[in-house]
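Source file: entry_33.cif. Holds: mmCIF, C-alpha atoms.
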```
data_upload
#
loop_
_atom_site.label_atom_id
_atom_site.label_comp_id
_atom_site.auth_asym_id
_atom_site.auth_seq_id
_atom_site.Cartn_x
_atom_site.Cartn_y
_atom_site.Cartn_z
CA MET I 1 0.00 0.00 0.00
CA ASP I 2 1.05 3.56 -0.61
CA SER I 3 2.94 4.51 2.54
CA GLN I 4 1.97 8.16 2.09
CA LEU I 5 -1.74 7.50 1.77
CA VAL I 6 -2.57 8.93 5.18
CA ILE I 7 -0.83 12.23 4.65
CA LYS I 8 -2.34 12.48 1.19
CA ILE I 9 -5.83 12.09 2.60
CA ILE I 10 -5.13 14.60 5.36
CA LEU I 11 -3.75 17.19 2.95
CA ILE I 12 -6.62 16.73 0.52
CA VAL I 13 -9.18 17.09 3.29
CA LEU I 14 -7.42 20.25 4.49
CA CYS I 15 -7.48 21.65 0.95
CA ALA I 16 -11.18 20.87 0.68
CA ILE I 17 -11.87 22.63 3.99
CA LEU I 18 -9.93 25.67 2.78
CA ALA I 19 -11.83 25.68 -0.50
CA LEU I 20 -15.12 25.51 1.37
CA PHE I 21 -14.01 28.27 3.67
CA VAL I 22 -13.17 30.43 0.66
CA LEU I 23 -16.37 29.68 -1.21
CA LEU I 24 -18.79 30.25 1.67
CA PRO I 25 -20.00 33.83 1.90
CA GLY I 26 -18.09 35.40 4.73
CA ARG I 27 -19.97 36.32 7.82
CA GLY I 28 -17.64 38.75 9.53
CA SER I 29 -17.37 37.67 13.16
CA ARG I 30 -17.32 33.93 12.50
CA HIS I 31 -14.53 34.26 9.97
CA VAL I 32 -12.45 36.43 12.23
CA ALA I 33 -12.99 34.04 15.14
CA ILE I 34 -11.98 31.02 13.07
CA ARG I 35 -8.87 32.79 11.88
CA ARG I 36 -7.86 33.71 15.41
CA LEU I 37 -8.47 30.21 16.72
CA THR I 38 -6.40 28.81 13.85
CA MET I 39 -3.57 31.16 14.73
CA LEU I 40 -3.74 30.11 18.39
CA ILE I 41 -3.62 26.45 17.47
CA LEU I 42 -0.68 27.09 15.17
CA PHE I 43 1.21 28.82 17.95
CA ALA I 44 0.47 25.98 20.33
CA ILE I 45 1.72 23.45 17.80
CA ALA I 46 4.81 25.57 17.21
CA VAL I 47 5.61 25.62 20.93
CA VAL I 48 5.19 21.86 21.22
CA ALA I 49 7.40 21.36 18.17
CA ILE I 50 10.07 23.61 19.64
CA VAL I 51 10.06 21.96 23.06
CA PHE I 52 9.86 18.42 21.72
CA PRO I 53 11.44 18.42 18.27
CA ASN I 54 11.14 14.66 18.07
CA VAL I 55 7.38 14.86 18.30
CA THR I 56 7.08 16.16 14.76
CA THR I 57 9.11 13.26 13.47
CA ALA I 58 7.03 10.81 15.47
CA ILE I 59 3.81 12.24 14.09
CA ALA I 60 5.29 12.26 10.62
CA HIS I 61 6.15 8.58 10.88
CA LEU I 62 2.67 7.91 12.20
CA ILE I 63 1.07 9.29 9.05
CA GLY I 64 3.59 7.95 6.59
CA ILE I 65 6.02 10.81 6.12
CA GLY I 66 9.74 10.25 6.46
CA ARG I 67 10.78 13.35 8.37
CA GLY I 68 9.23 15.86 10.73
CA ALA I 69 10.59 18.67 8.59
CA ASP I 70 8.50 17.43 5.67
CA LEU I 71 5.41 17.41 7.83
CA LEU I 72 6.08 21.03 8.78
CA LEU I 73 6.58 21.93 5.13
CA TYR I 74 3.26 20.40 4.09
CA GLY I 75 1.50 22.17 6.91
CA LEU I 76 3.15 25.43 5.97
CA ILE I 77 2.02 25.13 2.37
CA ILE I 78 -1.59 24.57 3.40
CA VAL I 79 -1.54 27.51 5.79
CA PHE I 80 0.15 29.72 3.23
CA VAL I 81 -2.30 28.98 0.43
CA GLY I 82 -5.28 29.43 2.75
CA ASN I 83 -3.93 32.69 4.02
CA SER I 84 -3.27 33.94 0.48
CA LEU I 85 -6.87 33.30 -0.50
CA ILE I 86 -8.21 35.08 2.56
CA VAL I 87 -5.96 38.06 1.95
CA GLN I 88 -6.98 38.17 -1.71
CA ARG I 89 -10.64 38.33 -0.79
CA ARG I 90 -10.01 41.03 1.76
CA HIS I 91 -8.03 42.92 -0.86
CA ARG I 92 -10.98 42.90 -3.27
CA GLN I 93 -13.35 44.17 -0.61
CA LEU I 94 -10.94 46.97 0.22
CA GLU I 95 -10.63 47.88 -3.44
CA GLU I 96 -14.40 48.19 -3.75
CA GLN I 97 -14.52 50.42 -0.71
CA ILE I 98 -11.70 52.61 -1.98
CA THR I 99 -13.39 52.92 -5.37
CA THR I 100 -16.63 54.05 -3.79
CA LEU I 101 -14.78 56.52 -1.63
CA ALA I 102 -12.61 57.95 -4.41
CA ARG I 103 -15.63 58.25 -6.72
CA ARG I 104 -17.54 60.14 -4.06
CA ILE I 105 -14.64 62.54 -3.56
CA ALA I 106 -14.28 63.05 -7.32
CA LEU I 107 -17.97 63.85 -7.70
CA ILE I 108 -18.06 66.18 -4.70
CA GLU I 109 -15.17 68.21 -6.12
CA ALA I 110 -16.69 68.35 -9.60
CA PRO I 111 -18.87 71.26 -10.74
CA GLU I 112 -22.58 70.56 -11.19
CA PRO I 113 -23.37 69.27 -14.69
CA ALA I 114 -26.13 71.87 -14.98
CA GLU I 115 -23.49 74.61 -14.69
CA ARG I 116 -21.94 73.40 -17.88
CA ILE I 117 -22.18 76.13 -20.45
CA ASN I 118 -22.09 76.03 -24.19
CA GLY I 119 -19.38 77.82 -26.09
CA THR I 120 -15.86 78.24 -24.89
CA SER I 121 -16.45 80.28 -21.74
CA HIS I 122 -15.00 78.63 -18.67
CA ALA I 123 -17.05 80.64 -16.18
CA GLY I 124 -18.64 78.65 -13.40
CA ARG I 125 -16.12 75.89 -13.58
CA GLU I 126 -13.23 75.35 -11.34
CA ARG I 127 -9.85 74.95 -12.92
CA PRO I 128 -8.40 71.60 -11.94
CA GLN I 129 -5.38 71.94 -9.73
CA GLN I 130 -2.05 70.65 -10.87
CA ALA I 131 -1.38 67.46 -9.01
CA PRO I 132 2.14 67.04 -7.68
CA ALA I 133 3.91 64.73 -10.08
CA ASP I 134 4.88 62.21 -7.43
CA GLN I 135 1.57 62.13 -5.65
CA ALA I 136 -1.65 60.42 -6.48
CA GLY I 137 -3.80 63.52 -6.75
CA PRO I 138 -4.90 66.82 -5.34
CA VAL I 139 -5.42 66.97 -1.62
CA ASP I 140 -7.18 69.78 0.14
CA LYS I 141 -4.72 71.63 2.29
CA MET X 1 -44.96 62.20 -22.56
CA LEU X 2 -45.70 65.46 -20.76
CA ARG X 3 -46.01 68.53 -22.90
CA ALA X 4 -43.14 70.27 -21.11
CA GLN X 5 -40.88 67.30 -21.70
CA ARG X 6 -41.87 67.09 -25.33
CA GLU X 7 -41.22 70.76 -25.84
CA SER X 8 -37.79 70.56 -24.27
CA ALA X 9 -37.05 67.51 -26.40
CA ILE X 10 -37.90 69.50 -29.46
CA THR X 11 -36.06 72.66 -28.53
CA THR X 12 -32.95 70.95 -27.17
CA SER X 13 -30.85 69.38 -29.87
CA ILE X 14 -29.75 65.79 -29.61
CA GLU X 15 -26.14 66.91 -29.18
CA GLU X 16 -27.08 69.00 -26.16
CA ARG X 17 -28.90 66.08 -24.59
CA THR X 18 -25.77 63.93 -24.87
CA TRP X 19 -22.76 63.65 -22.59
CA LEU X 20 -19.48 62.33 -23.88
CA VAL X 21 -17.85 60.31 -21.09
CA VAL X 22 -14.10 60.20 -21.61
CA PRO X 23 -11.83 58.26 -19.24
CA LEU X 24 -8.46 59.93 -19.12
CA TYR X 25 -5.14 58.59 -17.94
CA ASN X 26 -1.82 60.11 -18.96
CA GLU X 27 -2.85 61.32 -22.41
CA ALA X 28 -1.58 64.89 -22.13
CA ALA X 29 -0.04 64.75 -25.59
CA VAL X 30 -3.32 64.26 -27.44
CA VAL X 31 -6.32 64.83 -25.17
CA ARG X 32 -6.69 68.54 -25.84
CA SER X 33 -7.07 68.19 -29.59
CA VAL X 34 -9.36 65.18 -29.12
CA ILE X 35 -11.66 67.20 -26.85
CA GLU X 36 -11.57 70.29 -29.07
CA GLU X 37 -12.46 68.19 -32.08
CA ALA X 38 -15.27 66.37 -30.24
CA ARG X 39 -16.66 69.63 -28.89
CA THR X 40 -17.39 70.88 -32.39
CA THR X 41 -20.21 68.31 -32.25
CA PHE X 42 -20.89 67.58 -28.58
CA PRO X 43 -20.91 70.55 -26.19
CA LYS X 44 -21.07 68.39 -23.06
CA ILE X 45 -17.95 66.40 -22.40
CA VAL X 46 -16.77 65.04 -19.07
CA CYS X 47 -13.21 63.78 -18.72
CA ILE X 48 -12.53 61.56 -15.75
CA ASP X 49 -8.91 62.07 -14.92
CA ASP X 50 -7.92 58.77 -13.37
CA GLY X 51 -5.01 60.04 -11.30
CA SER X 52 -2.85 61.06 -14.25
CA THR X 53 0.71 61.99 -13.41
CA ASP X 54 1.10 64.30 -16.40
CA ALA X 55 -0.84 67.42 -17.39
CA SER X 56 -3.81 65.45 -18.82
CA ALA X 57 -6.40 67.14 -16.61
CA GLU X 58 -5.24 70.65 -17.51
CA GLU X 59 -5.10 69.78 -21.20
CA ALA X 60 -8.62 68.31 -21.13
CA TYR X 61 -9.88 71.39 -19.33
CA ALA X 62 -8.18 73.65 -21.86
CA GLY X 63 -9.90 71.68 -24.59
CA GLY X 64 -13.24 72.56 -23.03
CA ALA X 65 -14.19 69.46 -21.05
CA VAL X 66 -15.49 69.27 -17.51
CA VAL X 67 -12.81 67.47 -15.54
CA VAL X 68 -13.70 65.12 -12.71
CA ARG X 69 -10.61 63.92 -10.91
CA HIS X 70 -10.14 60.61 -9.20
CA PRO X 71 -7.88 61.29 -6.22
CA ILE X 72 -6.04 58.05 -7.00
CA ASN X 73 -5.68 55.82 -10.03
CA LEU X 74 -8.49 53.26 -10.07
CA GLY X 75 -8.63 52.00 -13.66
CA GLN X 76 -10.59 52.68 -16.80
CA GLY X 77 -13.70 50.80 -15.71
CA ALA X 78 -13.93 52.82 -12.52
CA ALA X 79 -13.41 56.04 -14.48
CA LEU X 80 -16.26 55.18 -16.85
CA GLN X 81 -18.62 54.54 -13.96
CA THR X 82 -17.66 57.82 -12.29
CA GLY X 83 -18.27 59.63 -15.58
CA LEU X 84 -21.67 58.01 -16.03
CA ASP X 85 -22.61 58.86 -12.43
CA TYR X 86 -21.62 62.45 -13.10
CA ALA X 87 -23.39 62.83 -16.44
CA MET X 88 -26.57 61.19 -15.17
CA ARG X 89 -26.91 63.96 -12.59
CA ASP X 90 -27.73 66.27 -15.49
CA SER X 91 -31.50 65.95 -15.78
CA GLN X 92 -31.32 67.35 -19.33
CA ALA X 93 -29.18 64.45 -20.48
CA ASP X 94 -30.80 61.56 -22.31
CA TYR X 95 -27.78 59.91 -23.90
CA PHE X 96 -24.31 58.95 -22.75
CA VAL X 97 -21.43 58.07 -25.03
CA THR X 98 -18.26 56.34 -23.84
CA PHE X 99 -15.39 57.73 -25.86
CA ASP X 100 -11.64 57.20 -25.75
CA SER X 101 -9.26 60.03 -25.00
CA ASP X 102 -6.49 58.98 -27.38
CA GLY X 103 -8.20 60.00 -30.61
CA GLN X 104 -9.05 56.55 -31.98
CA HIS X 105 -12.81 57.23 -32.08
CA GLN X 106 -14.70 59.37 -34.58
CA THR X 107 -17.19 62.00 -33.42
CA SER X 108 -19.28 61.28 -36.52
CA ASP X 109 -19.64 57.64 -35.46
CA ALA X 110 -20.68 58.75 -31.97
CA LEU X 111 -23.31 61.09 -33.38
CA ALA X 112 -24.72 58.42 -35.66
CA MET X 113 -25.02 56.07 -32.66
CA VAL X 114 -26.87 58.63 -30.56
CA GLN X 115 -29.21 59.35 -33.47
CA ARG X 116 -30.07 55.68 -33.61
CA LEU X 117 -30.90 55.70 -29.90
CA ASP X 118 -33.14 58.68 -30.56
CA THR X 119 -35.06 57.17 -33.45
CA GLU X 120 -34.95 53.40 -32.93
CA PRO X 121 -36.27 51.33 -30.01
CA LEU X 122 -32.80 50.74 -28.55
CA ASP X 123 -31.17 51.12 -25.13
CA ILE X 124 -27.55 50.79 -26.19
CA VAL X 125 -25.60 50.99 -29.44
CA VAL X 126 -22.15 49.43 -29.44
CA GLY X 127 -19.42 50.21 -31.95
CA SER X 128 -17.91 47.44 -34.03
CA ARG X 129 -14.74 47.45 -36.08
CA PHE X 130 -15.75 44.39 -38.06
CA LEU X 131 -18.98 45.50 -39.74
CA ASP X 132 -17.20 47.33 -42.53
CA ASP X 133 -13.66 47.46 -43.84
CA ARG X 134 -12.72 50.95 -42.70
CA THR X 135 -10.65 49.77 -39.75
CA ASP X 136 -7.34 48.07 -40.34
CA VAL X 137 -6.93 45.56 -37.53
CA GLY X 138 -3.61 43.74 -37.23
CA ALA X 139 -3.52 39.95 -37.55
CA VAL X 140 -2.60 39.11 -33.95
CA LYS X 141 -5.06 41.61 -32.57
CA GLN X 142 -7.75 40.21 -34.84
CA ILE X 143 -7.21 36.69 -33.51
CA VAL X 144 -7.32 37.89 -29.92
CA LEU X 145 -10.49 39.93 -30.53
CA LYS X 146 -12.28 37.15 -32.42
CA THR X 147 -11.48 34.70 -29.65
CA ALA X 148 -12.77 37.14 -27.06
CA ILE X 149 -15.97 37.63 -29.09
CA GLN X 150 -16.68 33.90 -29.33
CA PHE X 151 -16.06 33.55 -25.65
CA GLU X 152 -18.30 36.49 -24.82
CA ARG X 153 -21.12 35.17 -27.03
CA LEU X 154 -21.03 31.87 -25.22
CA SER X 155 -20.87 33.31 -21.72
CA THR X 156 -23.32 36.21 -22.09
CA GLY X 157 -25.71 35.25 -24.88
CA VAL X 158 -25.24 38.71 -26.35
CA LYS X 159 -24.36 38.43 -30.03
CA LEU X 160 -21.80 41.07 -30.89
CA THR X 161 -19.18 41.13 -33.64
CA ASP X 162 -16.60 43.15 -31.72
CA ALA X 163 -15.27 42.88 -28.19
CA HIS X 164 -13.76 45.65 -26.14
CA ASN X 165 -14.79 48.45 -28.44
CA GLY X 166 -14.74 51.54 -26.25
CA LEU X 167 -17.29 53.47 -28.31
CA ARG X 168 -20.80 52.94 -26.96
CA ALA X 169 -23.94 55.05 -26.77
CA LEU X 170 -26.35 54.46 -23.90
CA ASN X 171 -29.72 55.87 -22.95
CA ARG X 172 -30.73 56.38 -19.34
CA THR X 173 -32.16 52.88 -19.04
CA ALA X 174 -28.88 51.33 -20.14
CA ALA X 175 -26.70 53.68 -18.11
CA GLY X 176 -28.74 52.88 -15.02
CA ALA X 177 -28.76 49.12 -15.62
CA ILE X 178 -25.03 48.81 -16.20
CA ARG X 179 -23.08 49.43 -13.04
CA ILE X 180 -19.42 48.80 -13.71
CA THR X 181 -17.70 47.07 -10.81
CA GLN X 182 -14.65 45.88 -12.76
CA ASN X 183 -12.22 48.70 -12.20
CA ARG X 184 -9.71 47.65 -14.82
CA MET X 185 -9.92 46.33 -18.37
CA ALA X 186 -12.46 43.58 -17.65
CA HIS X 187 -15.16 46.26 -17.57
CA ALA X 188 -15.73 45.82 -21.30
CA SER X 189 -16.80 42.22 -20.82
CA GLU X 190 -18.75 43.19 -17.74
CA ILE X 191 -20.79 45.70 -19.76
CA VAL X 192 -21.69 42.98 -22.26
CA GLN X 193 -22.64 40.63 -19.41
CA LYS X 194 -24.93 43.22 -17.90
CA MET X 195 -26.48 44.06 -21.27
CA GLY X 196 -27.53 40.43 -21.42
CA ARG X 197 -28.75 40.20 -17.85
CA ALA X 198 -30.78 43.41 -18.02
CA ASN X 199 -32.23 42.39 -21.40
CA LEU X 200 -31.24 45.72 -22.89
CA ARG X 201 -32.25 46.32 -26.50
CA TYR X 202 -28.93 46.56 -28.31
CA ALA X 203 -27.58 47.13 -31.77
CA GLU X 204 -24.17 47.45 -33.34
CA GLN X 205 -22.89 50.32 -35.38
CA PRO X 206 -19.98 50.07 -37.80
CA VAL X 207 -17.28 52.42 -36.55
CA HIS X 208 -13.89 53.45 -37.78
CA ILE X 209 -11.09 53.02 -35.26
CA VAL X 210 -8.00 54.99 -36.13
CA TYR X 211 -4.84 53.26 -35.02
CA THR X 212 -2.18 55.90 -34.95
CA ASP X 213 1.39 55.14 -33.98
CA TYR X 214 0.53 56.86 -30.73
CA SER X 215 -2.42 54.63 -29.90
CA ARG X 216 -0.56 51.54 -31.05
CA ALA X 217 2.26 52.30 -28.67
CA LYS X 218 -0.19 52.70 -25.80
CA GLY X 219 -2.71 50.09 -26.88
CA GLN X 220 -3.65 46.91 -25.11
CA SER X 221 -1.12 44.21 -25.53
CA VAL X 222 -2.11 40.62 -26.05
CA TRP X 223 -0.94 39.93 -22.51
CA ASN X 224 -3.86 41.93 -21.29
CA LEU X 225 -6.20 39.12 -22.32
CA VAL X 226 -4.74 37.02 -19.52
CA ASN X 227 -5.32 39.82 -17.04
CA ILE X 228 -8.88 40.34 -18.22
CA LEU X 229 -9.72 36.67 -17.85
CA ASN X 230 -8.18 36.70 -14.40
CA ASP X 231 -10.29 39.68 -13.32
CA LEU X 232 -13.44 38.11 -14.69
CA PHE X 233 -13.14 34.65 -13.20
CA LEU X 234 -10.82 34.71 -10.21
CA LYS X 235 -13.11 36.98 -8.27
#
```
Could you write out this structure as structure tokens?
Amino acid sequence: MDSQLVIKIILIVLCAILALFVLLPGRGSRHVAIRRLTMLILFAIAVVAIVFPNVTTAIAHLIGIGRGADLLLYGLIIVFVGNSLIVQRRHRQLEEQITTLARRIALIEAPEPAERINGTSHAGRERPQQAPADQAGPVDK
Amino acid sequence: MLRAQRESAITTSIEERTWLVVPLYNEAAVVRSVIEEARTTFPKIVCIDDGSTDASAEEAYAGGAVVVRHPINLGQGAALQTGLDYAMRDSQADYFVTFDSDGQHQTSDALAMVQRLDTEPLDIVVGSRFLDDRTDVGAVKQIVLKTAIQFERLSTGVKLTDAHNGLRALNRTAAGAIRITQNRMAHASEIVQKMGRANLRYAEQPVHIVYTDYSRAKGQSVWNLVNILNDLFLK
């Protein structure tokens, strides 16, 4: 039998859980709580691994992996991928918020469309300020 | 229709009931002449300066456009939505045209599209490069565009002959139904998606796209297709 079957199953199940976690619509407090609990557990595991380095190897052997270091690597990969997905989602939400905010600012600073006049007269419109070349845009000072 | 509305529709020309919505990002070299040229037809032009680092906003203003400035760079899709939000605040406005700032679109095409909205039962008229032979599209670009079109037809059910053509004319129904949430280049596909979902009445208009050396140098590279697909599906 495949000696690495156990670890394969464990890793696949972990991936599936992560996928589910990513796909489910986030309800704020539960997600945050789960993330914090996961962090706590990770710290606890880290402490155990530091105090008893042989434990990781023992566990690794138990589930068909040669070395403890490999077990840590697999775990790290899972945590890293999961974390990347969570951060990506958060990033998108932030981008939406920033867009809404920036659009609101842009529209507040703009002259009313009704003030738009025909011809070439620029009366009633505010001249756009020169943005500093190295900055993102005009800021009220 | 109320009498007052009808009277204003008669007395106000179609050009004055139209806003040109022009996203603007670092086009200082050409935007002024583009706006001046467009303003010989359309008096109402709003440029959305998307955080340009050059003098684009000043040039657009000098050309006679209203300039709405994003405080930071958000992307062309976001700029279009800001421009539509702005133009729709004008209660006199019936039609909204999305128009590029680099001079590749023709004002005459835009006017013809708005006239179709005014006379035909349509919500949106989309420009197409492939309905006549005026536009010279390079071979690689043609393959990329045709692939994108097939893909879009399958995924949206909207049958268009051109993808990612920036020249579109919308009435209020269409402008209200299409809310662009894709900040970057995927907004073009998003607009087609939403046309399908909102069951907008659409038509295509043959348009002439002028590829100058300037626009070619700035134009979308084929690599962008990868980025667009990423934005659309890896949400």
Dump as a tab-separated table the rows for residues of chain X within 6 Å of chain I: closest atom pair and distance in Å with one decimal, only C-alpha atoms counted, ordered by chain and rising residue number.
```
residue	atom	partner	partner_atom	distance
X:Pro43	CA	I:Asn118	CA	6.0
X:Gly51	CA	I:Gly137	CA	5.9
X:Thr53	CA	I:Ala133	CA	5.4
X:Val68	CA	I:Ala110	CA	5.4
X:Arg69	CA	I:Ala106	CA	5.2
X:His70	CA	I:Ala106	CA	5.2
X:Pro71	CA	I:Gly137	CA	4.7
X:Ile72	CA	I:Ala136	CA	5.0
X:Thr82	CA	I:Arg103	CA	5.9
X:Asp90	CA	I:Pro113	CA	5.4
```
Mind dumping the selected residues with C-alpha atoms as a CSV table (one decimal), in the frame of the given file?
```csv
chain,number,residue,atom,x,y,z
X,43,PRO,CA,-20.9,70.6,-26.2
X,51,GLY,CA,-5.0,60.0,-11.3
X,53,THR,CA,0.7,62.0,-13.4
X,68,VAL,CA,-13.7,65.1,-12.7
X,69,ARG,CA,-10.6,63.9,-10.9
X,70,HIS,CA,-10.1,60.6,-9.2
X,71,PRO,CA,-7.9,61.3,-6.2
X,72,ILE,CA,-6.0,58.0,-7.0
X,82,THR,CA,-17.7,57.8,-12.3
X,90,ASP,CA,-27.7,66.3,-15.5
```
| note | The distance between atom CA of Ala203 of chain X and atom CA of Val126 of chain X is 6.3 Å
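For the pair atom CA of Thr147 of chain X and atom CA of Ala188 of chain X, the interatomic distance is 14.5 Å.
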| request: Would you list the contacts of Gly196 of chain X as a list of chain:residue names, taking every protein, DNA or RNA residue within 12 Å and counting all atoms listed in the file, but skipping same-chain residues closer than 2 positions in sequence? | output: X:Asp123, X:Ile124, X:Glu152, X:Arg153, X:Leu154, X:Ser155, X:Thr156, X:Gly157, X:Val158, X:Lys159, X:Leu160, X:Ala174, X:Ala177, X:Ile178, X:Ser189, X:Glu190, X:Ile191, X:Val192, X:Gln193, X:Lys194, X:Ala198, X:Asn199, X:Leu200, X:Arg201, X:Tyr202
| said: Could you check the closest approach to Trp19 of chain X for each of X:Ala65, X:Leu122, X:Val114, X:Val97 and tell me which residue wins, using all atoms listed in the file? | reply: X:Val97
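The space between atom CA of Leu131 of chain X and atom CA of Ala78 of chain X spans 28.6 Å.
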| Test item: residues at most 7 Å from Ala163 of chain X, all atoms listed in the file, excluding those fewer than 4 positions along its chain, as a PyMOL selection string | chain X and resi 145+148-149
| Among listed residues X:Asp162, X:Asp118, X:Asp85, X:Asp136, nearest His208 of chain X (using only C-alpha atoms) | X:Asp136
| task | Please evaluate the PyMOL selection byres ((chain X and resi 167-173) around 8) against the structure above and give the resulting residues as number ranges by chain. | result | X: 88, 94-100, 105, 110, 113-114, 117, 123-127, 165-166, 174-177
| task | Just the residues within 12 Å of Glu37 of chain X, please, counting all atoms listed in the file, with nothing from its chain fewer than 5 positions along; format it as a ChimeraX atom specification. | result | /X:30-32,42-43,45,60,63-65,101-103,105-108
